[in-house]
Structure formats: C-alpha cells, structure tokens
$ cat final.csv   # CSV, C-alpha atoms
chain,number,residue,atom,x,y,z
A,1,MET,CA,-66.8,49.3,-4.0
A,2,SER,CA,-68.6,49.8,-0.8
A,3,ASP,CA,-72.4,50.0,-0.7
A,4,PRO,CA,-73.6,52.9,1.5
A,5,LEU,CA,-76.4,50.7,2.7
A,6,ASP,CA,-73.8,48.6,4.5
A,7,ASN,CA,-73.1,51.6,6.8
A,8,LEU,CA,-76.6,51.6,8.3
A,9,ILE,CA,-76.3,50.0,11.8
A,10,PHE,CA,-79.9,48.7,11.7
A,11,TYR,CA,-79.2,47.1,8.4
A,12,GLN,CA,-76.0,45.5,9.6
A,13,GLN,CA,-77.8,44.2,12.7
A,14,SER,CA,-80.7,42.8,10.7
A,15,MET,CA,-78.3,40.9,8.5
A,16,GLN,CA,-76.5,39.5,11.6
A,17,LEU,CA,-79.8,38.5,13.1
A,18,TYR,CA,-80.8,36.7,9.9
A,19,ASP,CA,-77.6,34.6,10.1
A,20,ALA,CA,-78.3,33.7,13.7
A,21,CYS,CA,-81.9,33.0,12.8
A,22,TRP,CA,-80.7,30.5,10.2
A,23,ASP,CA,-79.0,28.5,12.9
A,24,ASP,CA,-82.0,28.8,15.3
A,25,CYS,CA,-84.2,27.4,12.6
A,26,ASP,CA,-82.0,24.3,12.4
A,27,VAL,CA,-82.8,23.6,16.1
A,28,LEU,CA,-86.6,24.3,15.6
A,29,ALA,CA,-86.8,22.1,12.5
A,30,LYS,CA,-85.8,19.0,14.5
A,31,ASP,CA,-89.2,19.0,16.3
A,32,PHE,CA,-92.3,18.5,14.2
A,33,ARG,CA,-94.1,21.4,16.0
A,34,GLY,CA,-91.1,23.6,15.4
A,35,LYS,CA,-91.0,23.2,11.7
A,36,GLU,CA,-93.8,25.6,11.0
A,37,VAL,CA,-92.4,28.1,13.5
A,38,ALA,CA,-89.1,27.8,11.7
A,39,ARG,CA,-90.7,28.5,8.3
A,40,GLN,CA,-92.5,31.6,9.6
A,41,LEU,CA,-89.5,32.8,11.6
A,42,ILE,CA,-87.0,32.7,8.7
A,43,ARG,CA,-89.5,34.4,6.4
A,44,SER,CA,-90.2,37.3,8.8
A,45,CYS,CA,-86.6,37.7,9.8
A,46,GLY,CA,-85.5,37.8,6.2
A,47,SER,CA,-88.2,40.4,5.5
A,48,VAL,CA,-86.6,42.8,7.9
A,49,SER,CA,-83.4,43.3,5.9
A,50,ALA,CA,-85.1,42.8,2.5
A,51,ASN,CA,-87.5,45.7,3.0
A,52,ILE,CA,-84.6,47.9,4.1
A,53,GLU,CA,-82.8,47.0,0.9
A,54,GLU,CA,-85.8,47.6,-1.3
A,55,GLY,CA,-86.7,50.9,0.3
A,56,TYR,CA,-83.1,52.1,0.2
A,57,GLY,CA,-82.8,51.0,-3.5
A,58,ARG,CA,-85.8,53.2,-4.4
A,59,GLY,CA,-84.1,56.3,-3.1
A,60,HIS,CA,-84.8,58.6,-0.3
A,61,GLY,CA,-88.3,59.9,-1.3
A,62,LYS,CA,-91.6,59.1,0.4
A,63,GLU,CA,-91.3,55.4,-0.4
A,64,TYR,CA,-88.3,54.8,1.8
A,65,PRO,CA,-90.1,55.4,5.1
A,66,GLN,CA,-92.9,53.2,4.0
A,67,PHE,CA,-90.5,50.3,3.4
A,68,LEU,CA,-88.9,50.9,6.8
A,69,ARG,CA,-92.3,50.7,8.4
A,70,ILE,CA,-92.8,47.3,6.7
A,71,SER,CA,-89.4,46.3,7.9
A,72,ARG,CA,-90.3,47.4,11.4
A,73,GLY,CA,-93.5,45.3,11.2
A,74,SER,CA,-91.5,42.3,10.1
A,75,ALA,CA,-89.1,42.8,13.1
A,76,ARG,CA,-92.1,42.9,15.4
A,77,GLU,CA,-93.4,39.7,13.8
A,78,THR,CA,-90.0,38.0,14.1
A,79,LYS,CA,-90.0,39.0,17.8
A,80,GLY,CA,-93.4,37.2,18.2
A,81,TRP,CA,-92.1,34.1,16.5
A,82,TYR,CA,-89.1,34.0,18.8
A,83,GLN,CA,-91.4,34.3,21.8
A,84,ARG,CA,-93.5,31.4,20.4
A,85,SER,CA,-90.4,29.3,20.0
A,86,ALA,CA,-89.5,29.5,23.7
A,87,LYS,CA,-90.5,25.9,24.3
A,88,LEU,CA,-87.9,24.7,21.8
A,89,LEU,CA,-85.1,27.3,22.1
A,90,PRO,CA,-83.1,28.2,25.2
A,91,ALA,CA,-84.6,31.1,27.2
A,92,GLU,CA,-81.3,33.1,27.0
A,93,LEU,CA,-81.3,32.8,23.2
A,94,VAL,CA,-84.9,34.0,22.9
A,95,SER,CA,-84.1,36.9,25.3
A,96,ASP,CA,-81.0,37.8,23.3
A,97,ARG,CA,-82.8,37.8,20.0
A,98,THR,CA,-85.7,39.8,21.5
A,99,GLN,CA,-83.3,42.4,22.8
A,100,LYS,CA,-81.6,42.7,19.4
A,101,LEU,CA,-85.0,43.0,17.7
A,102,ASN,CA,-86.0,45.7,20.2
A,103,GLY,CA,-82.9,47.6,19.2
A,104,ILE,CA,-83.6,47.3,15.5
A,105,ILE,CA,-87.2,48.4,16.0
A,106,ALA,CA,-86.1,51.4,17.9
A,107,MET,CA,-83.6,52.4,15.3
A,108,LEU,CA,-86.1,51.9,12.5
A,109,SER,CA,-88.7,54.0,14.4
A,110,LYS,CA,-86.2,56.9,14.9
A,111,THR,CA,-85.1,56.8,11.2
A,112,ILE,CA,-88.7,56.8,10.1
A,113,LYS,CA,-89.5,59.8,12.3
A,114,THR,CA,-86.4,61.7,11.0
A,115,LEU,CA,-87.2,60.9,7.4
A,116,GLU,CA,-90.8,62.0,7.7
A,117,GLU,CA,-89.8,65.2,9.4
A,118,LYS,CA,-87.3,65.9,6.7
A,119,ASN,CA,-89.9,65.1,3.9
A,120,SER,CA,-92.5,67.3,5.5
A,121,LYS,CA,-90.2,70.3,5.3
A,122,LYS,CA,-89.9,69.9,1.5

$ encode --input "final.csv" --output "structure tokens"
Amino acid sequence: MSDPLDNLIFYQQSMQLYDACWDDCDVLAKDFRGKEVARQLIRSCGSVSANIEEGYGRGHGKEYPQFLRISRGSARETKGWYQRSAKLLPAELVSDRTQKLNGIIAMLSKTIKTLEEKNSKK
C-alpha cells in the first residue's frame, strides 16, 4: 500500500538528499576536523525529512505547518553545514547539495504559505 507522504516532491527530495549526505559524511569523517561537521550534517539533514514525516503524521491541522517550518530550518542548517564542509568536499558537490536544499526550502515555504492561508479561512 502506498503512503501519500511519498507523493510529496519535497519529501522525496529530502530523502534523496539524506542518502547523498550519508555518502558525503563518509568523506568528511576521514579527516579529524570533518568528523564533527559530519555529525552535525547528518543530524540536520535527517531532521529535514523527519519533521515532514512527523508533521504529516499529525494530520493537516495547525501543527503541520509548524513542523514544516522546523523542517525548513533544518534544511537551512544543513545548507550551512555543507558550506562549512567546502574545504573537504568538492566545490561541485557542495554547489549541487546547496541548490537541492534551496529547492526544498522553496517548496517548504510555498507549502507553509498555502496551508496557513487555507487554515486562516476556516
């Protein structure tokens, strides 16, 4: 049985990003300075999809946009950790991850706005 959550593009992209982040952390962890960055990066990146899941699981009331805001904050944090890792990861990879995060942030922002407008009409 299919989970409707799996149809959300920003959720799909956040899960794909987490898989990529896992591999990126392997590279970071090889350098003693990169180990702490890897710890922070994997936590913040995992938080993006985890908060989408939790908010979606609570239903489409007022809590859902709040969890999406938390997810958006985690995406911004993840973007920052990727920028901090630029000395250990290839520039093209950091740029690619940053662009993907910008897309996720934009989709989350649009969804939050739409949900809040819908909730204000109730």

$ closest_residue --input "final.csv" --among "A:Leu41, A:Leu8, A:Lys62, A:Arg33" --to "A:Lys118" --atoms "all atoms listed in the file"
A:Lys62

$ closest_residue --input "final.csv" --among "A:Ile9, A:Leu115, A:Val37, A:Ala29" --to "A:Glu63" --atoms "only C-alpha atoms"
A:Leu115

$ closest_atom_pairs --input "final.csv" --of "stretch 54-101 of chain A" --to "stretch 16-23 of chain A" --cutoff "12 Å" --atoms "only C-alpha atoms" --output "Markdown table"
| residue | atom | partner | partner_atom | distance |
| --- | --- | --- | --- | --- |
| A:Ala75 | CA | A:Leu17 | CA | 10.2 |
| A:Thr78 | CA | A:Cys21 | CA | 9.6 |
| A:Lys79 | CA | A:Leu17 | CA | 11.2 |
| A:Trp81 | CA | A:Cys21 | CA | 10.9 |
| A:Tyr82 | CA | A:Cys21 | CA | 9.4 |
| A:Ser85 | CA | A:Cys21 | CA | 11.7 |
| A:Leu89 | CA | A:Asp23 | CA | 11.1 |
| A:Leu93 | CA | A:Ala20 | CA | 10.0 |
| A:Val94 | CA | A:Cys21 | CA | 10.6 |
| A:Asp96 | CA | A:Leu17 | CA | 10.3 |
| A:Arg97 | CA | A:Leu17 | CA | 7.6 |
| A:Thr98 | CA | A:Leu17 | CA | 10.3 |
| A:Gln99 | CA | A:Leu17 | CA | 11.0 |
| A:Lys100 | CA | A:Leu17 | CA | 7.8 |
| A:Leu101 | CA | A:Leu17 | CA | 8.3 |

$ write_last_selection --input "final.csv" --atoms "C-alpha atoms" --output "mmCIF file, keeping the file's coordinate frame"
data_model
loop_
_atom_site.group_PDB
_atom_site.id
_atom_site.type_symbol
_atom_site.label_atom_id
_atom_site.label_comp_id
_atom_site.auth_asym_id
_atom_site.auth_seq_id
_atom_site.Cartn_x
_atom_site.Cartn_y
_atom_site.Cartn_z
ATOM 1 C CA ALA A 75 -89.100 42.800 13.100
ATOM 2 C CA THR A 78 -90.000 38.000 14.100
ATOM 3 C CA LYS A 79 -90.000 39.000 17.800
ATOM 4 C CA TRP A 81 -92.100 34.100 16.500
ATOM 5 C CA TYR A 82 -89.100 34.000 18.800
ATOM 6 C CA SER A 85 -90.400 29.300 20.000
ATOM 7 C CA LEU A 89 -85.100 27.300 22.100
ATOM 8 C CA LEU A 93 -81.300 32.800 23.200
ATOM 9 C CA VAL A 94 -84.900 34.000 22.900
ATOM 10 C CA ASP A 96 -81.000 37.800 23.300
ATOM 11 C CA ARG A 97 -82.800 37.800 20.000
ATOM 12 C CA THR A 98 -85.700 39.800 21.500
ATOM 13 C CA GLN A 99 -83.300 42.400 22.800
ATOM 14 C CA LYS A 100 -81.600 42.700 19.400
ATOM 15 C CA LEU A 101 -85.000 43.000 17.700
#

$ atom_distance --input "final.csv" --atom1 "atom CA of A:Ile105" --atom2 "atom CA of A:Val48"
9.9 Å

$ atom_distance --input "final.csv" --atom1 "atom CA of A:Ser2" --atom2 "atom CA of A:Arg76"
29.4 Å

$ residues_around --input "final.csv" --residues "A:Ser74" --least-positions-apart "6" --cutoff "8 Å" --atoms "only C-alpha atoms" --output "list in words"
Ser44, Cys45, Ser47 and Val48 of chain A

$ closest_residue --input "final.csv" --among "A:Met107, A:Ile112, A:Ser120, A:Asp31" --to "A:Leu88" --atoms "only C-alpha atoms"
A:Asp31

$ closest_residue --input "final.csv" --among "A:Arg58, A:Ser14, A:Gln66, A:Gly34" --to "A:Gly46" --atoms "only C-alpha atoms"
A:Ser14

$ decode --input "final.csv" --residues "stretch 52-84 of chain A" --atoms "N, CA and C atoms" --output "PDB file, in the first residue's frame"
ATOM      1  N   ILE A  52       9.080  16.514   8.379  1.00  0.00           N
ATOM      2  CA  ILE A  52       7.993  16.382   7.398  1.00  0.00           C
ATOM      3  C   ILE A  52       7.137  15.180   7.778  1.00  0.00           C
ATOM      4  N   GLU A  53       7.788  14.078   8.099  1.00  0.00           N
ATOM      5  CA  GLU A  53       7.069  12.856   8.482  1.00  0.00           C
ATOM      6  C   GLU A  53       6.221  13.077   9.728  1.00  0.00           C
ATOM      7  N   GLU A  54       6.810  13.687  10.742  1.00  0.00           N
ATOM      8  CA  GLU A  54       6.065  13.875  11.985  1.00  0.00           C
ATOM      9  C   GLU A  54       4.880  14.809  11.788  1.00  0.00           C
ATOM     10  N   GLY A  55       5.109  15.907  11.096  1.00  0.00           N
ATOM     11  CA  GLY A  55       4.010  16.845  10.848  1.00  0.00           C
ATOM     12  C   GLY A  55       2.899  16.221  10.022  1.00  0.00           C
ATOM     13  N   TYR A  56       3.266  15.488   8.996  1.00  0.00           N
ATOM     14  CA  TYR A  56       2.282  14.831   8.143  1.00  0.00           C
ATOM     15  C   TYR A  56       1.491  13.797   8.935  1.00  0.00           C
ATOM     16  N   GLY A  57       2.197  13.094   9.807  1.00  0.00           N
ATOM     17  CA  GLY A  57       1.555  12.067  10.626  1.00  0.00           C
ATOM     18  C   GLY A  57       0.566  12.625  11.638  1.00  0.00           C
ATOM     19  N   ARG A  58       0.712  13.873  11.993  1.00  0.00           N
ATOM     20  CA  ARG A  58      -0.197  14.505  12.963  1.00  0.00           C
ATOM     21  C   ARG A  58      -1.456  15.057  12.296  1.00  0.00           C
ATOM     22  N   GLY A  59      -1.508  14.980  10.983  1.00  0.00           N
ATOM     23  CA  GLY A  59      -2.686  15.463  10.265  1.00  0.00           C
ATOM     24  C   GLY A  59      -2.457  16.859   9.714  1.00  0.00           C
ATOM     25  N   HIS A  60      -3.465  17.371   9.081  1.00  0.00           N
ATOM     26  CA  HIS A  60      -3.321  18.642   8.364  1.00  0.00           C
ATOM     27  C   HIS A  60      -3.911  19.818   9.129  1.00  0.00           C
ATOM     28  N   GLY A  61      -3.803  19.800  10.424  1.00  0.00           N
ATOM     29  CA  GLY A  61      -4.250  20.926  11.237  1.00  0.00           C
ATOM     30  C   GLY A  61      -3.166  21.976  11.336  1.00  0.00           C
ATOM     31  N   LYS A  62      -3.189  22.720  12.413  1.00  0.00           N
ATOM     32  CA  LYS A  62      -2.237  23.814  12.599  1.00  0.00           C
ATOM     33  C   LYS A  62      -0.826  23.335  12.927  1.00  0.00           C
ATOM     34  N   GLU A  63      -0.686  22.089  13.385  1.00  0.00           N
ATOM     35  CA  GLU A  63       0.643  21.574  13.716  1.00  0.00           C
ATOM     36  C   GLU A  63       1.489  21.301  12.478  1.00  0.00           C
ATOM     37  N   TYR A  64       0.850  20.905  11.401  1.00  0.00           N
ATOM     38  CA  TYR A  64       1.588  20.530  10.201  1.00  0.00           C
ATOM     39  C   TYR A  64       2.473  21.669   9.684  1.00  0.00           C
ATOM     40  N   PRO A  65       1.939  22.890   9.494  1.00  0.00           N
ATOM     41  CA  PRO A  65       2.832  23.973   9.055  1.00  0.00           C
ATOM     42  C   PRO A  65       3.985  24.238  10.026  1.00  0.00           C
ATOM     43  N   GLN A  66       3.750  24.052  11.317  1.00  0.00           N
ATOM     44  CA  GLN A  66       4.829  24.267  12.295  1.00  0.00           C
ATOM     45  C   GLN A  66       5.958  23.256  12.087  1.00  0.00           C
ATOM     46  N   PHE A  67       5.618  22.006  11.849  1.00  0.00           N
ATOM     47  CA  PHE A  67       6.648  21.003  11.594  1.00  0.00           C
ATOM     48  C   PHE A  67       7.363  21.268  10.276  1.00  0.00           C
ATOM     49  N   LEU A  68       6.644  21.798   9.297  1.00  0.00           N
ATOM     50  CA  LEU A  68       7.291  22.157   8.037  1.00  0.00           C
ATOM     51  C   LEU A  68       8.257  23.321   8.234  1.00  0.00           C
ATOM     52  N   ARG A  69       7.911  24.252   9.139  1.00  0.00           N
ATOM     53  CA  ARG A  69       8.835  25.348   9.462  1.00  0.00           C
ATOM     54  C   ARG A  69      10.114  24.798  10.108  1.00  0.00           C
ATOM     55  N   ILE A  70       9.947  23.835  11.001  1.00  0.00           N
ATOM     56  CA  ILE A  70      11.116  23.213  11.639  1.00  0.00           C
ATOM     57  C   ILE A  70      11.960  22.502  10.574  1.00  0.00           C
ATOM     58  N   SER A  71      11.292  21.804   9.662  1.00  0.00           N
ATOM     59  CA  SER A  71      11.987  21.133   8.573  1.00  0.00           C
ATOM     60  C   SER A  71      12.749  22.140   7.714  1.00  0.00           C
ATOM     61  N   ARG A  72      12.115  23.270   7.425  1.00  0.00           N
ATOM     62  CA  ARG A  72      12.767  24.318   6.636  1.00  0.00           C
ATOM     63  C   ARG A  72      14.009  24.844   7.374  1.00  0.00           C
ATOM     64  N   GLY A  73      13.888  25.036   8.684  1.00  0.00           N
ATOM     65  CA  GLY A  73      15.037  25.472   9.475  1.00  0.00           C
ATOM     66  C   GLY A  73      16.169  24.453   9.423  1.00  0.00           C
ATOM     67  N   SER A  74      15.826  23.177   9.477  1.00  0.00           N
ATOM     68  CA  SER A  74      16.844  22.126   9.378  1.00  0.00           C
ATOM     69  C   SER A  74      17.494  22.117   7.997  1.00  0.00           C
ATOM     70  N   ALA A  75      16.712  22.402   6.966  1.00  0.00           N
ATOM     71  CA  ALA A  75      17.272  22.474   5.609  1.00  0.00           C
ATOM     72  C   ALA A  75      18.262  23.633   5.507  1.00  0.00           C
ATOM     73  N   ARG A  76      17.914  24.769   6.123  1.00  0.00           N
ATOM     74  CA  ARG A  76      18.839  25.912   6.126  1.00  0.00           C
ATOM     75  C   ARG A  76      20.115  25.572   6.922  1.00  0.00           C
ATOM     76  N   GLU A  77      19.939  24.867   8.038  1.00  0.00           N
ATOM     77  CA  GLU A  77      21.103  24.455   8.823  1.00  0.00           C
ATOM     78  C   GLU A  77      21.985  23.513   8.010  1.00  0.00           C
ATOM     79  N   THR A  78      21.363  22.570   7.327  1.00  0.00           N
ATOM     80  CA  THR A  78      22.102  21.615   6.501  1.00  0.00           C
ATOM     81  C   THR A  78      22.892  22.352   5.423  1.00  0.00           C
ATOM     82  N   LYS A  79      22.261  23.342   4.825  1.00  0.00           N
ATOM     83  CA  LYS A  79      22.939  24.161   3.808  1.00  0.00           C
ATOM     84  C   LYS A  79      24.199  24.812   4.409  1.00  0.00           C
ATOM     85  N   GLY A  80      24.075  25.328   5.613  1.00  0.00           N
ATOM     86  CA  GLY A  80      25.222  25.924   6.292  1.00  0.00           C
ATOM     87  C   GLY A  80      26.325  24.924   6.551  1.00  0.00           C
ATOM     88  N   TRP A  81      25.953  23.710   6.967  1.00  0.00           N
ATOM     89  CA  TRP A  81      26.981  22.693   7.222  1.00  0.00           C
ATOM     90  C   TRP A  81      27.656  22.279   5.927  1.00  0.00           C
ATOM     91  N   TYR A  82      26.917  22.231   4.822  1.00  0.00           N
ATOM     92  CA  TYR A  82      27.559  21.934   3.541  1.00  0.00           C
ATOM     93  C   TYR A  82      28.545  23.047   3.177  1.00  0.00           C
ATOM     94  N   GLN A  83      28.158  24.284   3.414  1.00  0.00           N
ATOM     95  CA  GLN A  83      29.065  25.392   3.112  1.00  0.00           C
ATOM     96  C   GLN A  83      30.323  25.317   3.978  1.00  0.00           C
ATOM     97  N   ARG A  84      30.164  24.906   5.236  1.00  0.00           N
ATOM     98  CA  ARG A  84      31.324  24.769   6.125  1.00  0.00           C
ATOM     99  C   ARG A  84      32.245  23.614   5.721  1.00  0.00           C
TER     100      ARG A  84
END
